[in-house]
Amino acid sequence: MSHHLPADFVANHAFAVYPADQFRVTNGVNHGDPVGGLDTICLGDGYALRRTAQIFAMDLSEVEGKTGTRPLFSVSPGSQIEVPGTRTHIAARLTFMTQIGASVDVLIIACDAPIARHYVYPLGPIEPGVEYTLIEAFDAPREIPLADLTGMSFGRGTRITMSDGSQRPVEQLQVGDRVLTRDNGMQPIRWIGTRTVQGAGDFAPVVISHGAMGNAENITVSQQHRMLVSDWRAEVMVGSRDVLIRAADLVNDDTIFIRKGGFVEYTQLVFDQHQILYAEGVPTESLHMSQQILNGLPEDVANEVLDLFPDLGITEPKFSRVPLESKDAANLLKQTGRL
């Protein structure tokens with residue numbers, strides 16, 4: 001069932017997760033068992049993601065008034081899975097070795113219910129049918145890079161509209177540069193994060209071809225990055241004419257597609273608050289900095305962010321537009337003839 005969200009709906013992030021039973025031991029002591037918390041796993045076991053595994057967007061908001069250092073979340077009304085209000089936490093961070101000797105980390109998200117349910121949130125590409133060997137496990141995953149916890153990322157070469165109307169590639173931007181925003185005029189960039197990852201699985205970028213959304217040139221963004229779509233039908237559906245739709249939900253395998261292979265450099269832009277800016281002339285979002293992300297940063301980086309956003313732990317910035325869940329997004333795009 002689709003959830004109809006109020007215009008002031010706020011969620012922190014949509015985590016792209018797999019149910020734990022889709023990532024099982026294929027070789028080792030716990031053969032056949034799904035991945036889980038530290039008390040159920042064994043180092044050296046080989047795991048594989050089912051070829052038919054389905055990924056879901058789990059929308060989580062940080063629980064206010066929480067004490068301690070470990071993030072505690074609540075499922076938001078827009079989530080594709082779990083009942084809104086269900087408490088969740090990061091149960092473990094696991095490191096796997098690939099068959100070619102590279103490593104990939106995943107977070108295990110546990111839902112606090114009478115019968116605990118676990119979900120796998122990859123911090124790197126995991127390919128279905130490929131075996132990964134568990135080599136490390138941690139119960140307190142503190143140092144999580146910013147780019148691992150968010151999908152609001154621009155690919156290298158995507159041009160951002162500046163305060164003077166010029167277009168500048170995102171990788172050339174610097175802190176303090178003034179960017180044109182839809183709602184608040186010229187806003188300075190307060191923080192920039194970058195990361196280079198293999199362009200595979202959930203980390204493969206979405207390419208919005210020239211002209212597909214009225215864009216002057218190709219736009220490259222992460223799959224979880226959201227673009228602003230305006231349509232009267234959206235107001236009927238969720239109470240807001242302007243909605244944010246994940247790039248992955250815009251894919252039509254023609255003018256908008258996922259580009260797999262090679263490596264991709266992602267850049268995140270942070271302002272004083274969540275902003276709608278312009279990429280190749282198309283309205284899109286900035287990174288929503290939150291206490292959730294702060295908790296996952298290394299101490300020196302977290303201190304840097306707190307210097308910039310001293311009220312971050314007191315008040316949560318709100319999304320400036322309604323994030324639209326995938327089912328509603330697909331229905332909207334079909335009605336408008338864009339899907």
# chains A, B, ... in the order shown; residues from 1 in each chain; ligands from 1

call {"tool": "residues_around", "arguments": {"residues": "Gln223 in chain A", "least_positions_apart": "2", "cutoff": "6 Å", "atoms": "only C-alpha atoms", "output": "JSON list (two decimals) with N, CA, C and O atoms, in the first residue's frame"}}
result
[["chain", "number", "residue", "atom", "x", "y", "z"],
["A", 205, "PRO", "N", 26.31, 4.73, -11.35],
["A", 205, "PRO", "CA", 25.58, 6.00, -11.45],
["A", 205, "PRO", "C", 24.43, 5.96, -12.45],
["A", 205, "PRO", "O", 24.40, 5.13, -13.36],
["A", 206, "VAL", "N", 23.49, 6.86, -12.24],
["A", 206, "VAL", "CA", 22.41, 7.09, -13.20],
["A", 206, "VAL", "C", 22.84, 8.24, -14.12],
["A", 206, "VAL", "O", 23.29, 9.28, -13.64],
["A", 225, "HIS", "N", 20.18, 9.72, -5.41],
["A", 225, "HIS", "CA", 20.05, 11.17, -5.53],
["A", 225, "HIS", "C", 18.67, 11.50, -6.09],
["A", 225, "HIS", "O", 18.15, 10.79, -6.93],
["A", 247, "ALA", "N", 16.72, 9.21, -8.58],
["A", 247, "ALA", "CA", 17.17, 9.03, -9.95],
["A", 247, "ALA", "C", 16.90, 7.61, -10.44],
["A", 247, "ALA", "O", 16.55, 7.39, -11.60],
["A", 248, "ALA", "N", 17.04, 6.62, -9.53],
["A", 248, "ALA", "CA", 16.80, 5.23, -9.92],
["A", 248, "ALA", "C", 15.37, 5.02, -10.38],
["A", 248, "ALA", "O", 15.10, 4.15, -11.23]]

call {"tool": "select_by_dssp", "arguments": {"residues": "range 99-301 of chain A", "states": "helix (DSSP H, G or I)", "output": "ChimeraX atom specification"}}
result
/A:146-149,170-172,201-203,232-238,247-250,291-296,299-301

call {"tool": "residues_around", "arguments": {"residues": "Gln174 in chain A", "least_positions_apart": "6", "cutoff": "9 Å", "atoms": "only C-alpha atoms", "output": "list in words"}}
result
Ile189, Arg190, Trp191 and Ile192 of chain A

call {"tool": "write_last_selection", "arguments": {"atoms": "all heavy atoms", "output": "JSON list (two decimals), in the first residue's frame"}}
result
[["chain", "number", "residue", "atom", "x", "y", "z"],
["A", 189, "ILE", "N", 28.46, 27.34, -0.38],
["A", 189, "ILE", "CA", 28.72, 25.94, -0.03],
["A", 189, "ILE", "C", 29.45, 25.92, 1.31],
["A", 189, "ILE", "O", 30.45, 26.59, 1.49],
["A", 189, "ILE", "CB", 29.56, 25.25, -1.11],
["A", 189, "ILE", "CG1", 28.82, 25.27, -2.45],
["A", 189, "ILE", "CG2", 29.87, 23.81, -0.70],
["A", 189, "ILE", "CD1", 29.68, 24.76, -3.61],
["A", 190, "ARG", "N", 28.95, 25.11, 2.25],
["A", 190, "ARG", "CA", 29.57, 25.06, 3.56],
["A", 190, "ARG", "C", 30.50, 23.87, 3.74],
["A", 190, "ARG", "O", 31.41, 23.89, 4.56],
["A", 190, "ARG", "CB", 28.48, 25.03, 4.64],
["A", 190, "ARG", "CG", 27.58, 26.26, 4.64],
["A", 190, "ARG", "CD", 28.34, 27.53, 5.01],
["A", 190, "ARG", "NE", 29.00, 27.41, 6.29],
["A", 190, "ARG", "CZ", 28.39, 27.57, 7.47],
["A", 190, "ARG", "NH1", 27.10, 27.85, 7.51],
["A", 190, "ARG", "NH2", 29.05, 27.45, 8.60],
["A", 191, "TRP", "N", 30.24, 22.80, 3.00],
["A", 191, "TRP", "CA", 31.04, 21.58, 3.17],
["A", 191, "TRP", "C", 30.95, 20.77, 1.89],
["A", 191, "TRP", "O", 29.90, 20.73, 1.23],
["A", 191, "TRP", "CB", 30.52, 20.77, 4.35],
["A", 191, "TRP", "CG", 31.47, 19.76, 4.92],
["A", 191, "TRP", "CD1", 32.40, 19.96, 5.89],
["A", 191, "TRP", "CD2", 31.56, 18.37, 4.58],
["A", 191, "TRP", "NE1", 33.07, 18.79, 6.17],
["A", 191, "TRP", "CE2", 32.57, 17.80, 5.38],
["A", 191, "TRP", "CE3", 30.88, 17.56, 3.67],
["A", 191, "TRP", "CZ2", 32.92, 16.46, 5.30],
["A", 191, "TRP", "CZ3", 31.23, 16.22, 3.58],
["A", 191, "TRP", "CH2", 32.24, 15.68, 4.39],
["A", 192, "ILE", "N", 32.04, 20.11, 1.51],
["A", 192, "ILE", "CA", 32.08, 19.27, 0.31],
["A", 192, "ILE", "C", 32.67, 17.91, 0.69],
["A", 192, "ILE", "O", 33.70, 17.84, 1.37],
["A", 192, "ILE", "CB", 32.92, 19.91, -0.81],
["A", 192, "ILE", "CG1", 32.27, 21.22, -1.27],
["A", 192, "ILE", "CG2", 33.06, 18.96, -2.00],
["A", 192, "ILE", "CD1", 33.10, 21.98, -2.31]]

call {"tool": "residues_around", "arguments": {"residues": "Glu131 in chain A", "least_positions_apart": "6", "cutoff": "12 Å", "atoms": "only C-alpha atoms", "output": "VMD selection string"}}
result
chain A and resid 23 to 28 44 to 51 96 to 101 104

call {"tool": "write_last_selection", "arguments": {"atoms": "N, CA and C atoms", "output": "PDB file, in the first residue's frame"}}
result
ATOM      1  N   PHE A  23      20.968 -12.747   1.615  1.00  0.00           N
ATOM      2  CA  PHE A  23      22.435 -12.791   1.650  1.00  0.00           C
ATOM      3  C   PHE A  23      22.820 -13.899   2.624  1.00  0.00           C
ATOM      4  N   ARG A  24      23.070 -15.094   2.096  1.00  0.00           N
ATOM      5  CA  ARG A  24      23.226 -16.292   2.922  1.00  0.00           C
ATOM      6  C   ARG A  24      24.611 -16.926   2.771  1.00  0.00           C
ATOM      7  N   VAL A  25      24.953 -17.756   3.770  1.00  0.00           N
ATOM      8  CA  VAL A  25      26.211 -18.490   3.733  1.00  0.00           C
ATOM      9  C   VAL A  25      26.116 -19.588   2.679  1.00  0.00           C
ATOM     10  N   THR A  26      27.040 -19.572   1.742  1.00  0.00           N
ATOM     11  CA  THR A  26      27.092 -20.587   0.692  1.00  0.00           C
ATOM     12  C   THR A  26      28.252 -21.552   0.882  1.00  0.00           C
ATOM     13  N   ASN A  27      29.170 -21.195   1.783  1.00  0.00           N
ATOM     14  CA  ASN A  27      30.338 -22.048   2.004  1.00  0.00           C
ATOM     15  C   ASN A  27      30.895 -21.758   3.397  1.00  0.00           C
ATOM     16  N   GLY A  28      30.755 -22.725   4.322  1.00  0.00           N
ATOM     17  CA  GLY A  28      31.291 -22.501   5.656  1.00  0.00           C
ATOM     18  C   GLY A  28      30.484 -23.143   6.761  1.00  0.00           C
ATOM     19  N   GLY A  44      35.244 -16.312   8.147  1.00  0.00           N
ATOM     20  CA  GLY A  44      35.674 -17.330   7.196  1.00  0.00           C
ATOM     21  C   GLY A  44      34.547 -17.888   6.364  1.00  0.00           C
ATOM     22  N   ASP A  45      33.302 -17.679   6.795  1.00  0.00           N
ATOM     23  CA  ASP A  45      32.171 -18.145   5.986  1.00  0.00           C
ATOM     24  C   ASP A  45      32.074 -17.332   4.697  1.00  0.00           C
ATOM     25  N   GLY A  46      31.654 -18.011   3.648  1.00  0.00           N
ATOM     26  CA  GLY A  46      31.442 -17.348   2.364  1.00  0.00           C
ATOM     27  C   GLY A  46      29.964 -17.061   2.161  1.00  0.00           C
ATOM     28  N   TYR A  47      29.616 -15.833   1.778  1.00  0.00           N
ATOM     29  CA  TYR A  47      28.235 -15.408   1.569  1.00  0.00           C
ATOM     30  C   TYR A  47      28.011 -15.043   0.105  1.00  0.00           C
ATOM     31  N   ALA A  48      26.778 -15.194  -0.337  1.00  0.00           N
ATOM     32  CA  ALA A  48      26.412 -14.778  -1.689  1.00  0.00           C
ATOM     33  C   ALA A  48      25.013 -14.181  -1.665  1.00  0.00           C
ATOM     34  N   LEU A  49      24.833 -13.154  -2.457  1.00  0.00           N
ATOM     35  CA  LEU A  49      23.526 -12.509  -2.613  1.00  0.00           C
ATOM     36  C   LEU A  49      22.745 -13.267  -3.681  1.00  0.00           C
ATOM     37  N   ARG A  50      21.499 -13.609  -3.375  1.00  0.00           N
ATOM     38  CA  ARG A  50      20.683 -14.332  -4.335  1.00  0.00           C
ATOM     39  C   ARG A  50      20.525 -13.528  -5.621  1.00  0.00           C
ATOM     40  N   ARG A  51      20.500 -14.243  -6.735  1.00  0.00           N
ATOM     41  CA  ARG A  51      20.362 -13.573  -8.034  1.00  0.00           C
ATOM     42  C   ARG A  51      19.015 -12.880  -8.163  1.00  0.00           C
ATOM     43  N   PHE A  96      33.919  -7.992   4.063  1.00  0.00           N
ATOM     44  CA  PHE A  96      34.044  -9.189   3.246  1.00  0.00           C
ATOM     45  C   PHE A  96      35.175  -9.013   2.242  1.00  0.00           C
ATOM     46  N   MET A  97      35.804 -10.123   1.871  1.00  0.00           N
ATOM     47  CA  MET A  97      36.834 -10.119   0.850  1.00  0.00           C
ATOM     48  C   MET A  97      36.269 -10.748  -0.416  1.00  0.00           C
ATOM     49  N   THR A  98      36.487 -10.082  -1.534  1.00  0.00           N
ATOM     50  CA  THR A  98      36.012 -10.607  -2.805  1.00  0.00           C
ATOM     51  C   THR A  98      36.969 -11.670  -3.323  1.00  0.00           C
ATOM     52  N   GLN A  99      36.597 -12.315  -4.394  1.00  0.00           N
ATOM     53  CA  GLN A  99      37.414 -13.372  -4.973  1.00  0.00           C
ATOM     54  C   GLN A  99      38.704 -12.851  -5.590  1.00  0.00           C
ATOM     55  N   ILE A 100      38.781 -11.537  -5.812  1.00  0.00           N
ATOM     56  CA  ILE A 100      40.008 -10.971  -6.377  1.00  0.00           C
ATOM     57  C   ILE A 100      40.822 -10.232  -5.316  1.00  0.00           C
ATOM     58  N   GLY A 101      40.424 -10.407  -4.033  1.00  0.00           N
ATOM     59  CA  GLY A 101      41.214  -9.843  -2.942  1.00  0.00           C
ATOM     60  C   GLY A 101      40.826  -8.455  -2.493  1.00  0.00           C
ATOM     61  N   VAL A 104      34.927  -5.260   0.792  1.00  0.00           N
ATOM     62  CA  VAL A 104      33.684  -4.489   0.744  1.00  0.00           C
ATOM     63  C   VAL A 104      33.011  -4.606   2.109  1.00  0.00           C
TER      64      VAL A 104
END

call {"tool": "residues_around", "arguments": {"residues": "range 74-82 of chain A", "least_positions_apart": "3", "cutoff": "6 Å", "atoms": "only C-alpha atoms", "output": "PyMOL selection string"}}
result
chain A and resi 57-61+85-88+325

call {"tool": "write_last_selection", "arguments": {"atoms": "C-alpha atoms", "output": "PDB file, in the first residue's frame"}}
result
ATOM      1  CA  ALA A  57      14.297   1.759   0.256  1.00  0.00           C
ATOM      2  CA  MET A  58      14.180   1.876   4.058  1.00  0.00           C
ATOM      3  CA  ASP A  59      13.473   5.472   5.090  1.00  0.00           C
ATOM      4  CA  LEU A  60      14.885   6.222   8.526  1.00  0.00           C
ATOM      5  CA  SER A  61      14.787   9.249  10.805  1.00  0.00           C
ATOM      6  CA  GLY A  85       7.744   3.996  13.926  1.00  0.00           C
ATOM      7  CA  THR A  86       9.650   0.709  14.202  1.00  0.00           C
ATOM      8  CA  ARG A  87      12.934   1.313  16.041  1.00  0.00           C
ATOM      9  CA  THR A  88      16.119   0.215  14.310  1.00  0.00           C
ATOM     10  CA  GLU A 325       8.570   6.869  -2.456  1.00  0.00           C
TER      11      GLU A 325
END

call {"tool": "closest_residue", "arguments": {"among": "A:Leu134, A:Pro128, A:Ala53, A:Ala116", "to": "Ala102 in chain A", "atoms": "only C-alpha atoms"}}
result
A:Leu134

call {"tool": "closest_residue", "arguments": {"among": "A:Ile245, A:Val35, A:Val264, A:Met162", "to": "Val197 in chain A", "atoms": "only C-alpha atoms"}}
result
A:Val264

call {"tool": "closest_residue", "arguments": {"among": "A:Val17, A:Met186, A:Leu228, A:Val29", "to": "Gln54 in chain A", "atoms": "only C-alpha atoms"}}
result
A:Val17

call {"tool": "atom_distance", "arguments": {"atom1": "CA of Gln224 in chain A", "atom2": "CA of Asp202 in chain A"}}
result
8.8 Å

call {"tool": "decode", "arguments": {"residues": "range 92-127 of chain A", "atoms": "N, CA, C and O atoms", "output": "PDB file, in the first residue's frame"}}
result
ATOM      1  N   ALA A  92      25.850  -4.206  13.341  1.00  0.00           N
ATOM      2  CA  ALA A  92      27.243  -4.596  13.076  1.00  0.00           C
ATOM      3  C   ALA A  92      27.710  -3.993  11.769  1.00  0.00           C
ATOM      4  O   ALA A  92      26.909  -3.600  10.912  1.00  0.00           O
ATOM      5  N   ARG A  93      29.016  -3.910  11.662  1.00  0.00           N
ATOM      6  CA  ARG A  93      29.663  -3.575  10.393  1.00  0.00           C
ATOM      7  C   ARG A  93      30.550  -4.759  10.045  1.00  0.00           C
ATOM      8  O   ARG A  93      31.424  -5.139  10.819  1.00  0.00           O
ATOM      9  N   LEU A  94      30.302  -5.354   8.881  1.00  0.00           N
ATOM     10  CA  LEU A  94      31.028  -6.552   8.445  1.00  0.00           C
ATOM     11  C   LEU A  94      31.896  -6.229   7.237  1.00  0.00           C
ATOM     12  O   LEU A  94      31.491  -5.461   6.366  1.00  0.00           O
ATOM     13  N   THR A  95      33.067  -6.818   7.213  1.00  0.00           N
ATOM     14  CA  THR A  95      33.971  -6.651   6.080  1.00  0.00           C
ATOM     15  C   THR A  95      34.129  -7.989   5.371  1.00  0.00           C
ATOM     16  O   THR A  95      34.440  -9.007   6.004  1.00  0.00           O
ATOM     17  N   PHE A  96      33.919  -7.992   4.063  1.00  0.00           N
ATOM     18  CA  PHE A  96      34.044  -9.189   3.246  1.00  0.00           C
ATOM     19  C   PHE A  96      35.175  -9.013   2.242  1.00  0.00           C
ATOM     20  O   PHE A  96      35.475  -7.894   1.814  1.00  0.00           O
ATOM     21  N   MET A  97      35.804 -10.123   1.871  1.00  0.00           N
ATOM     22  CA  MET A  97      36.834 -10.119   0.850  1.00  0.00           C
ATOM     23  C   MET A  97      36.269 -10.748  -0.416  1.00  0.00           C
ATOM     24  O   MET A  97      35.635 -11.814  -0.366  1.00  0.00           O
ATOM     25  N   THR A  98      36.487 -10.082  -1.534  1.00  0.00           N
ATOM     26  CA  THR A  98      36.012 -10.607  -2.805  1.00  0.00           C
ATOM     27  C   THR A  98      36.969 -11.670  -3.323  1.00  0.00           C
ATOM     28  O   THR A  98      38.056 -11.888  -2.775  1.00  0.00           O
ATOM     29  N   GLN A  99      36.597 -12.315  -4.394  1.00  0.00           N
ATOM     30  CA  GLN A  99      37.414 -13.372  -4.973  1.00  0.00           C
ATOM     31  C   GLN A  99      38.704 -12.851  -5.590  1.00  0.00           C
ATOM     32  O   GLN A  99      39.619 -13.623  -5.858  1.00  0.00           O
ATOM     33  N   ILE A 100      38.781 -11.537  -5.812  1.00  0.00           N
ATOM     34  CA  ILE A 100      40.008 -10.971  -6.377  1.00  0.00           C
ATOM     35  C   ILE A 100      40.822 -10.232  -5.316  1.00  0.00           C
ATOM     36  O   ILE A 100      41.770  -9.524  -5.625  1.00  0.00           O
ATOM     37  N   GLY A 101      40.424 -10.407  -4.033  1.00  0.00           N
ATOM     38  CA  GLY A 101      41.214  -9.843  -2.942  1.00  0.00           C
ATOM     39  C   GLY A 101      40.826  -8.455  -2.493  1.00  0.00           C
ATOM     40  O   GLY A 101      41.429  -7.922  -1.555  1.00  0.00           O
ATOM     41  N   ALA A 102      39.826  -7.850  -3.122  1.00  0.00           N
ATOM     42  CA  ALA A 102      39.354  -6.538  -2.676  1.00  0.00           C
ATOM     43  C   ALA A 102      38.411  -6.725  -1.490  1.00  0.00           C
ATOM     44  O   ALA A 102      37.944  -7.830  -1.220  1.00  0.00           O
ATOM     45  N   SER A 103      38.129  -5.640  -0.770  1.00  0.00           N
ATOM     46  CA  SER A 103      37.234  -5.740   0.389  1.00  0.00           C
ATOM     47  C   SER A 103      36.009  -4.862   0.171  1.00  0.00           C
ATOM     48  O   SER A 103      36.059  -3.847  -0.532  1.00  0.00           O
ATOM     49  N   VAL A 104      34.927  -5.260   0.792  1.00  0.00           N
ATOM     50  CA  VAL A 104      33.684  -4.489   0.744  1.00  0.00           C
ATOM     51  C   VAL A 104      33.011  -4.606   2.109  1.00  0.00           C
ATOM     52  O   VAL A 104      32.997  -5.679   2.716  1.00  0.00           O
ATOM     53  N   ASP A 105      32.496  -3.495   2.609  1.00  0.00           N
ATOM     54  CA  ASP A 105      31.844  -3.467   3.907  1.00  0.00           C
ATOM     55  C   ASP A 105      30.333  -3.403   3.754  1.00  0.00           C
ATOM     56  O   ASP A 105      29.814  -2.841   2.777  1.00  0.00           O
ATOM     57  N   VAL A 106      29.631  -3.949   4.741  1.00  0.00           N
ATOM     58  CA  VAL A 106      28.184  -3.811   4.800  1.00  0.00           C
ATOM     59  C   VAL A 106      27.794  -3.473   6.229  1.00  0.00           C
ATOM     60  O   VAL A 106      28.494  -3.844   7.181  1.00  0.00           O
ATOM     61  N   LEU A 107      26.708  -2.752   6.386  1.00  0.00           N
ATOM     62  CA  LEU A 107      26.118  -2.531   7.694  1.00  0.00           C
ATOM     63  C   LEU A 107      24.942  -3.483   7.854  1.00  0.00           C
ATOM     64  O   LEU A 107      24.179  -3.698   6.905  1.00  0.00           O
ATOM     65  N   ILE A 108      24.784  -4.035   9.036  1.00  0.00           N
ATOM     66  CA  ILE A 108      23.625  -4.857   9.364  1.00  0.00           C
ATOM     67  C   ILE A 108      22.677  -3.992  10.189  1.00  0.00           C
ATOM     68  O   ILE A 108      23.017  -3.558  11.292  1.00  0.00           O
ATOM     69  N   ILE A 109      21.520  -3.711   9.628  1.00  0.00           N
ATOM     70  CA  ILE A 109      20.511  -2.895  10.306  1.00  0.00           C
ATOM     71  C   ILE A 109      19.491  -3.835  10.939  1.00  0.00           C
ATOM     72  O   ILE A 109      18.898  -4.667  10.251  1.00  0.00           O
ATOM     73  N   ALA A 110      19.302  -3.711  12.247  1.00  0.00           N
ATOM     74  CA  ALA A 110      18.376  -4.572  12.979  1.00  0.00           C
ATOM     75  C   ALA A 110      17.131  -3.800  13.356  1.00  0.00           C
ATOM     76  O   ALA A 110      17.210  -2.648  13.801  1.00  0.00           O
ATOM     77  N   CYS A 111      15.972  -4.412  13.147  1.00  0.00           N
ATOM     78  CA  CYS A 111      14.698  -3.829  13.563  1.00  0.00           C
ATOM     79  C   CYS A 111      14.315  -4.405  14.920  1.00  0.00           C
ATOM     80  O   CYS A 111      14.302  -5.629  15.103  1.00  0.00           O
ATOM     81  N   ASP A 112      14.027  -3.529  15.852  1.00  0.00           N
ATOM     82  CA  ASP A 112      13.693  -3.947  17.208  1.00  0.00           C
ATOM     83  C   ASP A 112      12.228  -4.356  17.274  1.00  0.00           C
ATOM     84  O   ASP A 112      11.336  -3.525  17.446  1.00  0.00           O
ATOM     85  N   ALA A 113      11.990  -5.642  17.095  1.00  0.00           N
ATOM     86  CA  ALA A 113      10.644  -6.189  17.105  1.00  0.00           C
ATOM     87  C   ALA A 113      10.673  -7.475  17.917  1.00  0.00           C
ATOM     88  O   ALA A 113      11.747  -7.994  18.244  1.00  0.00           O
ATOM     89  N   PRO A 114       9.495  -8.013  18.265  1.00  0.00           N
ATOM     90  CA  PRO A 114       9.491  -9.278  19.011  1.00  0.00           C
ATOM     91  C   PRO A 114      10.336 -10.357  18.347  1.00  0.00           C
ATOM     92  O   PRO A 114      11.030 -11.119  19.018  1.00  0.00           O
ATOM     93  N   ILE A 115      10.264 -10.427  17.020  1.00  0.00           N
ATOM     94  CA  ILE A 115      11.154 -11.300  16.250  1.00  0.00           C
ATOM     95  C   ILE A 115      12.059 -10.380  15.434  1.00  0.00           C
ATOM     96  O   ILE A 115      11.606  -9.737  14.490  1.00  0.00           O
ATOM     97  N   ALA A 116      13.326 -10.281  15.846  1.00  0.00           N
ATOM     98  CA  ALA A 116      14.239  -9.333  15.217  1.00  0.00           C
ATOM     99  C   ALA A 116      14.404  -9.636  13.734  1.00  0.00           C
ATOM    100  O   ALA A 116      14.533 -10.786  13.325  1.00  0.00           O
ATOM    101  N   ARG A 117      14.397  -8.585  12.934  1.00  0.00           N
ATOM    102  CA  ARG A 117      14.629  -8.705  11.499  1.00  0.00           C
ATOM    103  C   ARG A 117      15.869  -7.903  11.142  1.00  0.00           C
ATOM    104  O   ARG A 117      16.080  -6.806  11.677  1.00  0.00           O
ATOM    105  N   HIS A 118      16.674  -8.461  10.255  1.00  0.00           N
ATOM    106  CA  HIS A 118      17.911  -7.815   9.863  1.00  0.00           C
ATOM    107  C   HIS A 118      17.896  -7.473   8.377  1.00  0.00           C
ATOM    108  O   HIS A 118      17.273  -8.171   7.575  1.00  0.00           O
ATOM    109  N   TYR A 119      18.607  -6.385   8.057  1.00  0.00           N
ATOM    110  CA  TYR A 119      18.736  -5.952   6.674  1.00  0.00           C
ATOM    111  C   TYR A 119      20.199  -5.640   6.383  1.00  0.00           C
ATOM    112  O   TYR A 119      20.958  -5.231   7.272  1.00  0.00           O
ATOM    113  N   VAL A 120      20.578  -5.832   5.136  1.00  0.00           N
ATOM    114  CA  VAL A 120      21.951  -5.609   4.695  1.00  0.00           C
ATOM    115  C   VAL A 120      22.015  -4.298   3.925  1.00  0.00           C
ATOM    116  O   VAL A 120      21.299  -4.122   2.929  1.00  0.00           O
ATOM    117  N   TYR A 121      22.872  -3.381   4.396  1.00  0.00           N
ATOM    118  CA  TYR A 121      23.089  -2.117   3.693  1.00  0.00           C
ATOM    119  C   TYR A 121      24.527  -2.095   3.175  1.00  0.00           C
ATOM    120  O   TYR A 121      25.467  -1.888   3.927  1.00  0.00           O
ATOM    121  N   PRO A 122      24.746  -2.348   1.866  1.00  0.00           N
ATOM    122  CA  PRO A 122      26.104  -2.405   1.328  1.00  0.00           C
ATOM    123  C   PRO A 122      26.761  -1.023   1.318  1.00  0.00           C
ATOM    124  O   PRO A 122      26.148  -0.033   0.916  1.00  0.00           O
ATOM    125  N   LEU A 123      28.010  -0.966   1.745  1.00  0.00           N
ATOM    126  CA  LEU A 123      28.819   0.248   1.643  1.00  0.00           C
ATOM    127  C   LEU A 123      29.726   0.191   0.427  1.00  0.00           C
ATOM    128  O   LEU A 123      30.609   1.036   0.256  1.00  0.00           O
ATOM    129  N   GLY A 124      29.517  -0.780  -0.399  1.00  0.00           N
ATOM    130  CA  GLY A 124      30.249  -0.954  -1.641  1.00  0.00           C
ATOM    131  C   GLY A 124      29.439  -1.894  -2.512  1.00  0.00           C
ATOM    132  O   GLY A 124      28.451  -2.473  -2.077  1.00  0.00           O
ATOM    133  N   PRO A 125      29.839  -2.059  -3.774  1.00  0.00           N
ATOM    134  CA  PRO A 125      29.063  -2.902  -4.684  1.00  0.00           C
ATOM    135  C   PRO A 125      29.114  -4.379  -4.317  1.00  0.00           C
ATOM    136  O   PRO A 125      30.182  -4.937  -4.068  1.00  0.00           O
ATOM    137  N   ILE A 126      27.945  -5.015  -4.254  1.00  0.00           N
ATOM    138  CA  ILE A 126      27.835  -6.455  -4.051  1.00  0.00           C
ATOM    139  C   ILE A 126      27.060  -7.038  -5.222  1.00  0.00           C
ATOM    140  O   ILE A 126      25.922  -6.639  -5.476  1.00  0.00           O
ATOM    141  N   GLU A 127      27.676  -7.957  -5.949  1.00  0.00           N
ATOM    142  CA  GLU A 127      27.062  -8.533  -7.135  1.00  0.00           C
ATOM    143  C   GLU A 127      26.317  -9.819  -6.792  1.00  0.00           C
ATOM    144  O   GLU A 127      26.839 -10.671  -6.050  1.00  0.00           O
TER     145      GLU A 127
END
